[in-house]
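Engineer: See start08.txt below, with compact mmCIF, N, CA and C atoms.
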# COMPACT_ATOMS: atom_id res chain seq x y z
N MET A 1 103.86 84.86 96.29
CA MET A 1 103.64 86.18 96.86
C MET A 1 102.37 86.75 96.24
N TYR A 2 101.74 87.57 97.01
CA TYR A 2 100.51 88.17 96.52
C TYR A 2 100.33 89.54 97.13
N SER A 3 99.46 90.31 96.53
CA SER A 3 99.17 91.65 97.02
C SER A 3 97.73 91.97 96.65
N GLY A 4 97.19 92.99 97.25
CA GLY A 4 95.84 93.42 96.91
C GLY A 4 94.82 93.11 97.99
N LEU A 5 95.20 92.26 98.95
CA LEU A 5 94.32 91.92 100.07
C LEU A 5 95.04 92.26 101.37
N ALA A 6 94.28 92.57 102.40
CA ALA A 6 94.89 92.89 103.69
C ALA A 6 95.52 91.65 104.32
N ASN A 7 94.96 90.47 104.04
CA ASN A 7 95.52 89.20 104.51
C ASN A 7 94.93 88.08 103.65
N GLU A 8 95.37 86.85 103.85
CA GLU A 8 94.97 85.77 102.96
C GLU A 8 93.52 85.34 103.11
N THR A 9 92.84 85.74 104.16
CA THR A 9 91.43 85.38 104.33
C THR A 9 90.49 86.53 104.01
N SER A 10 91.05 87.66 103.64
CA SER A 10 90.24 88.84 103.36
C SER A 10 89.37 88.64 102.11
N THR A 11 88.17 89.14 102.17
CA THR A 11 87.28 89.10 101.00
C THR A 11 87.17 90.47 100.35
N LYS A 12 87.91 91.42 100.88
CA LYS A 12 87.87 92.80 100.39
C LYS A 12 89.21 93.12 99.74
N SER A 13 89.19 93.44 98.44
CA SER A 13 90.42 93.79 97.75
C SER A 13 90.67 95.30 97.86
N TRP A 14 91.84 95.72 97.40
CA TRP A 14 92.17 97.15 97.47
C TRP A 14 91.17 97.99 96.69
N LEU A 15 90.49 97.41 95.71
CA LEU A 15 89.50 98.15 94.93
C LEU A 15 88.22 98.43 95.72
N ASP A 16 88.01 97.69 96.79
CA ASP A 16 86.79 97.84 97.58
C ASP A 16 86.87 98.93 98.64
N TYR A 17 88.05 99.51 98.83
CA TYR A 17 88.20 100.58 99.83
C TYR A 17 87.78 101.91 99.23
N SER A 18 87.40 102.83 100.08
CA SER A 18 86.90 104.13 99.60
C SER A 18 88.01 105.01 99.04
N SER A 19 89.28 104.72 99.41
CA SER A 19 90.39 105.51 98.87
C SER A 19 91.66 104.66 98.90
N TYR A 20 92.68 105.11 98.17
CA TYR A 20 93.98 104.43 98.18
C TYR A 20 94.57 104.46 99.60
N LEU A 21 94.38 105.58 100.27
CA LEU A 21 94.91 105.71 101.63
C LEU A 21 94.28 104.68 102.57
N ASP A 22 92.96 104.50 102.48
CA ASP A 22 92.29 103.51 103.33
C ASP A 22 92.80 102.10 103.02
N ALA A 23 92.99 101.79 101.74
CA ALA A 23 93.50 100.47 101.35
C ALA A 23 94.92 100.26 101.87
N ALA A 24 95.74 101.29 101.75
CA ALA A 24 97.13 101.19 102.22
C ALA A 24 97.18 101.04 103.74
N THR A 25 96.36 101.79 104.44
CA THR A 25 96.31 101.72 105.90
C THR A 25 95.88 100.33 106.37
N ALA A 26 94.98 99.69 105.63
CA ALA A 26 94.50 98.35 105.99
C ALA A 26 95.50 97.26 105.60
N GLY A 27 96.53 97.63 104.82
CA GLY A 27 97.53 96.65 104.41
C GLY A 27 97.24 95.97 103.10
N ALA A 28 96.28 96.50 102.35
CA ALA A 28 95.89 95.86 101.09
C ALA A 28 96.94 95.99 99.99
N PHE A 29 97.92 96.86 100.15
CA PHE A 29 98.99 96.98 99.16
C PHE A 29 100.27 96.28 99.59
N ASP A 30 100.27 95.70 100.78
CA ASP A 30 101.47 95.01 101.26
C ASP A 30 101.75 93.79 100.40
N LEU A 31 103.01 93.49 100.19
CA LEU A 31 103.42 92.29 99.47
C LEU A 31 103.53 91.17 100.50
N LEU A 32 102.71 90.13 100.34
CA LEU A 32 102.60 89.07 101.34
C LEU A 32 103.04 87.72 100.75
N GLN A 33 103.37 86.80 101.62
CA GLN A 33 103.76 85.47 101.18
C GLN A 33 103.32 84.45 102.22
N ASN A 34 102.75 83.36 101.76
CA ASN A 34 102.37 82.26 102.64
C ASN A 34 103.21 81.06 102.23
N ILE A 35 104.21 80.71 103.03
CA ILE A 35 105.12 79.63 102.63
C ILE A 35 104.44 78.27 102.65
N ARG A 36 103.28 78.15 103.26
CA ARG A 36 102.54 76.88 103.22
C ARG A 36 102.05 76.57 101.81
N TRP A 37 101.98 77.57 100.94
CA TRP A 37 101.52 77.35 99.56
C TRP A 37 102.64 76.89 98.64
N LEU A 38 103.90 76.94 99.10
CA LEU A 38 105.03 76.70 98.21
C LEU A 38 105.05 75.31 97.60
N ASP A 39 104.71 74.27 98.35
CA ASP A 39 104.72 72.92 97.78
C ASP A 39 103.77 72.84 96.58
N ASN A 40 102.57 73.38 96.74
CA ASN A 40 101.61 73.36 95.62
C ASN A 40 102.08 74.25 94.48
N LEU A 41 102.68 75.37 94.81
CA LEU A 41 103.17 76.28 93.79
C LEU A 41 104.25 75.63 92.93
N MET A 42 105.18 74.94 93.59
CA MET A 42 106.25 74.26 92.85
C MET A 42 105.66 73.16 91.97
N LYS A 43 104.71 72.41 92.50
CA LYS A 43 104.07 71.34 91.73
C LYS A 43 103.38 71.91 90.49
N LEU A 44 102.64 73.00 90.66
CA LEU A 44 101.96 73.63 89.52
C LEU A 44 102.96 74.15 88.49
N GLY A 45 104.07 74.73 88.98
CA GLY A 45 105.09 75.24 88.07
C GLY A 45 105.71 74.15 87.23
N VAL A 46 106.08 73.04 87.87
CA VAL A 46 106.69 71.92 87.15
C VAL A 46 105.68 71.32 86.17
N GLU A 47 104.46 71.12 86.61
CA GLU A 47 103.43 70.58 85.72
C GLU A 47 103.21 71.48 84.51
N GLY A 48 103.25 72.80 84.73
CA GLY A 48 103.08 73.75 83.63
C GLY A 48 104.21 73.63 82.61
N TRP A 49 105.46 73.54 83.11
CA TRP A 49 106.60 73.38 82.20
C TRP A 49 106.49 72.07 81.42
N LEU A 50 106.08 71.00 82.07
CA LEU A 50 105.95 69.71 81.39
C LEU A 50 104.87 69.77 80.31
N ARG A 51 103.78 70.48 80.57
CA ARG A 51 102.74 70.66 79.54
C ARG A 51 103.29 71.44 78.34
N LEU A 52 104.08 72.49 78.61
CA LEU A 52 104.67 73.28 77.52
C LEU A 52 105.64 72.44 76.70
N ILE A 53 106.41 71.59 77.36
CA ILE A 53 107.34 70.71 76.64
C ILE A 53 106.57 69.73 75.79
N LYS A 54 105.55 69.10 76.37
CA LYS A 54 104.74 68.13 75.63
C LYS A 54 104.05 68.78 74.42
N ALA A 55 103.63 70.03 74.56
CA ALA A 55 102.96 70.74 73.47
C ALA A 55 103.96 71.25 72.42
N GLY A 56 105.26 71.08 72.68
CA GLY A 56 106.27 71.55 71.73
C GLY A 56 106.56 73.04 71.82
N ARG A 57 106.12 73.69 72.87
CA ARG A 57 106.34 75.13 73.03
C ARG A 57 107.68 75.43 73.68
N VAL A 58 108.26 74.45 74.38
CA VAL A 58 109.57 74.60 75.03
C VAL A 58 110.41 73.38 74.66
N CYS A 59 111.63 73.63 74.25
CA CYS A 59 112.56 72.55 73.90
C CYS A 59 113.69 72.55 74.95
N PRO A 60 113.69 71.58 75.86
CA PRO A 60 114.70 71.57 76.93
C PRO A 60 116.14 71.60 76.41
N GLN A 61 116.40 71.02 75.25
CA GLN A 61 117.76 71.00 74.70
C GLN A 61 118.25 72.39 74.31
N GLU A 62 117.33 73.33 74.16
CA GLU A 62 117.70 74.69 73.76
C GLU A 62 117.89 75.62 74.97
N ILE A 63 117.70 75.11 76.17
CA ILE A 63 117.83 75.92 77.37
C ILE A 63 119.25 75.77 77.92
N ASP A 64 119.97 76.89 77.99
CA ASP A 64 121.33 76.88 78.51
C ASP A 64 121.39 77.22 79.99
N TRP A 65 120.49 78.09 80.43
CA TRP A 65 120.51 78.57 81.81
C TRP A 65 119.11 78.55 82.37
N LEU A 66 119.01 78.31 83.66
CA LEU A 66 117.74 78.40 84.37
C LEU A 66 117.95 79.32 85.56
N LEU A 67 117.28 80.42 85.56
CA LEU A 67 117.40 81.40 86.64
C LEU A 67 116.33 81.12 87.69
N CYS A 68 116.77 80.77 88.87
CA CYS A 68 115.85 80.54 90.00
C CYS A 68 115.96 81.71 90.95
N CYS A 69 114.84 82.12 91.47
CA CYS A 69 114.82 83.26 92.38
C CYS A 69 114.19 82.83 93.70
N TYR A 70 114.81 83.18 94.78
CA TYR A 70 114.18 82.96 96.08
C TYR A 70 114.05 84.32 96.77
N SER A 71 112.98 84.45 97.54
CA SER A 71 112.65 85.78 98.07
C SER A 71 113.42 86.14 99.32
N SER A 72 114.07 85.18 99.96
CA SER A 72 114.86 85.50 101.15
C SER A 72 115.84 84.36 101.40
N HIS A 73 116.78 84.59 102.28
CA HIS A 73 117.75 83.55 102.62
C HIS A 73 117.09 82.37 103.33
N PHE A 74 115.88 82.55 103.80
CA PHE A 74 115.12 81.46 104.41
C PHE A 74 114.97 80.29 103.45
N PHE A 75 114.87 80.59 102.12
CA PHE A 75 114.64 79.56 101.11
C PHE A 75 115.93 79.08 100.45
N LEU A 76 117.06 79.60 100.81
CA LEU A 76 118.32 79.27 100.14
C LEU A 76 118.60 77.77 100.10
N GLU A 77 118.39 77.09 101.22
CA GLU A 77 118.66 75.65 101.25
C GLU A 77 117.74 74.90 100.32
For the structure just supplied, provide its representation as structure tokens.

Structural biologist:
Amino acid sequence: MYSGLANETSTKSWLDYSSYLDAATAGAFDLLQNIRWLDNLMKLGVEGWLRLIKAGRVCPQEIDWLLCCYSSHFFLE
């Protein structure tokens, strides 16, 4: 999920508008999600955890619970 741009191809962030109202009207404060990015996002997340484990910053044996969050029932499966 991301915010701050009117859409994923926009080159203008909310800071580039003349006022908060103009940015909001353009949709620059909307919370957006592109599900096409999820495969890469999951890969980056797993790779990041593996780097932390290898560096000794995370010990898997000390983890009792893993809280996973999905943003809608679309992702439940």

Engineer: Have a look at A:Trp49, A:Ile63, A:Leu31, A:Trp37 and name the one nearest to Ser3 in chain A; count only C-alpha atoms.

Structural biologist: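 Looking only at the distances to Ser3 in chain A, the closest residue turns out to be A:Leu31.
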
Engineer: Smallest atom-to-atom distance to Trp14 in chain A: which of A:Ile53, A:Tyr2, A:Leu41, A:Ala28, using only N, CA and C atoms?

Structural biologist: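 When distances to Trp14 in chain A are compared using only N, CA and C atoms, the smallest one comes from A:Ala28.
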
Engineer: Have a look at atom C of Asp22 in chain A and atom N of Ser10 in chain A and let me know their distance in Å, one decimal.

Structural biologist: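 Result for atom C of Asp22 in chain A versus atom N of Ser10 in chain A: 14.6 Å, one decimal.
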
Engineer: Choose the residue, out of A:Lys12, A:Ala6, A:Leu50, A:Met42, that has the smallest atom-to-atom separation from Asp30 in chain A; count only N, CA and C atoms.

Structural biologist: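 Checking each of A:Lys12, A:Ala6, A:Leu50, A:Met42 against Asp30 in chain A, counting only N, CA and C atoms, the winner is A:Ala6.
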
Engineer: Take range 36-51 of chain A, bring it up to N, CA, C and O atoms, and give me the output as a tab-separated table (two decimals), in the frame of the given file.

Structural biologist:
chain	number	residue	atom	x	y	z
A	36	ARG	N	103.28	78.15	103.26
A	36	ARG	CA	102.54	76.88	103.22
A	36	ARG	C	102.05	76.57	101.81
A	36	ARG	O	101.72	75.44	101.51
A	37	TRP	N	101.98	77.57	100.94
A	37	TRP	CA	101.52	77.35	99.56
A	37	TRP	C	102.64	76.89	98.64
A	37	TRP	O	102.40	76.49	97.51
A	38	LEU	N	103.90	76.94	99.10
A	38	LEU	CA	105.03	76.70	98.21
A	38	LEU	C	105.05	75.31	97.60
A	38	LEU	O	105.39	75.16	96.42
A	39	ASP	N	104.71	74.27	98.35
A	39	ASP	CA	104.72	72.92	97.78
A	39	ASP	C	103.77	72.84	96.58
A	39	ASP	O	104.12	72.30	95.53
A	40	ASN	N	102.57	73.38	96.74
A	40	ASN	CA	101.61	73.36	95.62
A	40	ASN	C	102.08	74.25	94.48
A	40	ASN	O	101.90	73.91	93.31
A	41	LEU	N	102.68	75.37	94.81
A	41	LEU	CA	103.17	76.28	93.79
A	41	LEU	C	104.25	75.63	92.93
A	41	LEU	O	104.23	75.72	91.71
A	42	MET	N	105.18	74.94	93.59
A	42	MET	CA	106.25	74.26	92.85
A	42	MET	C	105.66	73.16	91.97
A	42	MET	O	106.05	73.00	90.83
A	43	LYS	N	104.71	72.41	92.50
A	43	LYS	CA	104.07	71.34	91.73
A	43	LYS	C	103.38	71.91	90.49
A	43	LYS	O	103.54	71.39	89.38
A	44	LEU	N	102.64	73.00	90.66
A	44	LEU	CA	101.96	73.63	89.52
A	44	LEU	C	102.96	74.15	88.49
A	44	LEU	O	102.74	74.05	87.29
A	45	GLY	N	104.07	74.73	88.98
A	45	GLY	CA	105.09	75.24	88.07
A	45	GLY	C	105.71	74.15	87.23
A	45	GLY	O	105.86	74.27	86.00
A	46	VAL	N	106.08	73.04	87.87
A	46	VAL	CA	106.69	71.92	87.15
A	46	VAL	C	105.68	71.32	86.17
A	46	VAL	O	106.02	71.04	85.01
A	47	GLU	N	104.46	71.12	86.61
A	47	GLU	CA	103.43	70.58	85.72
A	47	GLU	C	103.21	71.48	84.51
A	47	GLU	O	103.02	71.01	83.39
A	48	GLY	N	103.25	72.80	84.73
A	48	GLY	CA	103.08	73.75	83.63
A	48	GLY	C	104.21	73.63	82.61
A	48	GLY	O	103.97	73.63	81.40
A	49	TRP	N	105.46	73.54	83.11
A	49	TRP	CA	106.60	73.38	82.20
A	49	TRP	C	106.49	72.07	81.42
A	49	TRP	O	106.76	72.02	80.22
A	50	LEU	N	106.08	71.00	82.07
A	50	LEU	CA	105.95	69.71	81.39
A	50	LEU	C	104.87	69.77	80.31
A	50	LEU	O	105.04	69.19	79.23
A	51	ARG	N	103.78	70.48	80.57
A	51	ARG	CA	102.74	70.66	79.54
A	51	ARG	C	103.29	71.44	78.34
A	51	ARG	O	103.00	71.12	77.18
